[in-house]
Amino acid sequence: YSTIIRFKVPAAQRASIRVFNALGQYVTTIIDKEVPTGMQEVELTRENLNPGLYFYTLSAGSFSETRQFIIR
């Protein structure tokens, strides 16, 4: 299992994607680094994730967004 998370940054800045389980407990960080201006793609794989409901939070500059996904 894998999926691509795409996001766009208006200027080079630090971006992070953190994964949490259904209880809101931190599971892992997918990226936490400086990214260049423009469209970015990060692959989210099933490694070390059991089946279930998860959330990821994307943070870049002052922007933050949380979305859910399911591992089957």
# chains A, B, ... in the order shown; residues from 1 in each chain; ligands from 1
$ residues_around --residues "A:Lys33" --least-positions-apart "2" --cutoff "9 Å" --atoms "only C-alpha atoms" --output "PyMOL selection string"
chain A and resi 13-16+31+35
$ residues_around --residues "A:Thr57" --least-positions-apart "2" --cutoff "6 Å" --atoms "only C-alpha atoms" --output "PyMOL selection string"
chain A and resi 17-18+65-66
$ write_last_selection --atoms "C-alpha atoms" --output "PDB file, in the first residue's frame"
ATOM      1  CA  ILE A  17       3.884  15.514   7.592  1.00  0.00           C
ATOM      2  CA  ARG A  18       3.144  13.670  10.827  1.00  0.00           C
ATOM      3  CA  GLU A  65      -4.140  20.768   7.400  1.00  0.00           C
ATOM      4  CA  THR A  66      -5.232  17.390   8.775  1.00  0.00           C
TER       5      THR A  66
END
$ select_by_dssp --residues "stretch 8-65 of chain A" --states "strand (DSSP E or B)" --output "PyMOL selection string"
chain A and resi 8-9+13-21+26-35+38-45+52-60+63-65
$ closest_residue --among "A:Pro51, A:Asp32, A:Gln40, A:Ile71" --to "A:Ile4" --atoms "only C-alpha atoms"
A:Gln40
$ closest_residue --among "A:Leu23, A:Ile70, A:Met39, A:Ile30" --to "A:Val9" --atoms "only C-alpha atoms"
A:Met39
$ atom_distance --atom1 "atom CA of A:Ser2" --atom2 "atom CA of A:Tyr26"
19.3 Å
$ atom_distance --atom1 "atom CA of A:Arg67" --atom2 "atom CA of A:Lys8"
15.8 Å
$ residues_around --residues "A:Glu47" --least-positions-apart "2" --cutoff "10 Å" --atoms "only C-alpha atoms" --output "PyMOL selection string"
chain A and resi 1-2+44-45+49-50
$ atom_distance --atom1 "atom CA of A:Val19" --atom2 "atom CA of A:Ala60"
15.0 Å
$ closest_residue --among "A:Leu58, A:Ser64, A:Asn48, A:Phe20" --to "A:Arg6" --atoms "only C-alpha atoms"
A:Leu58
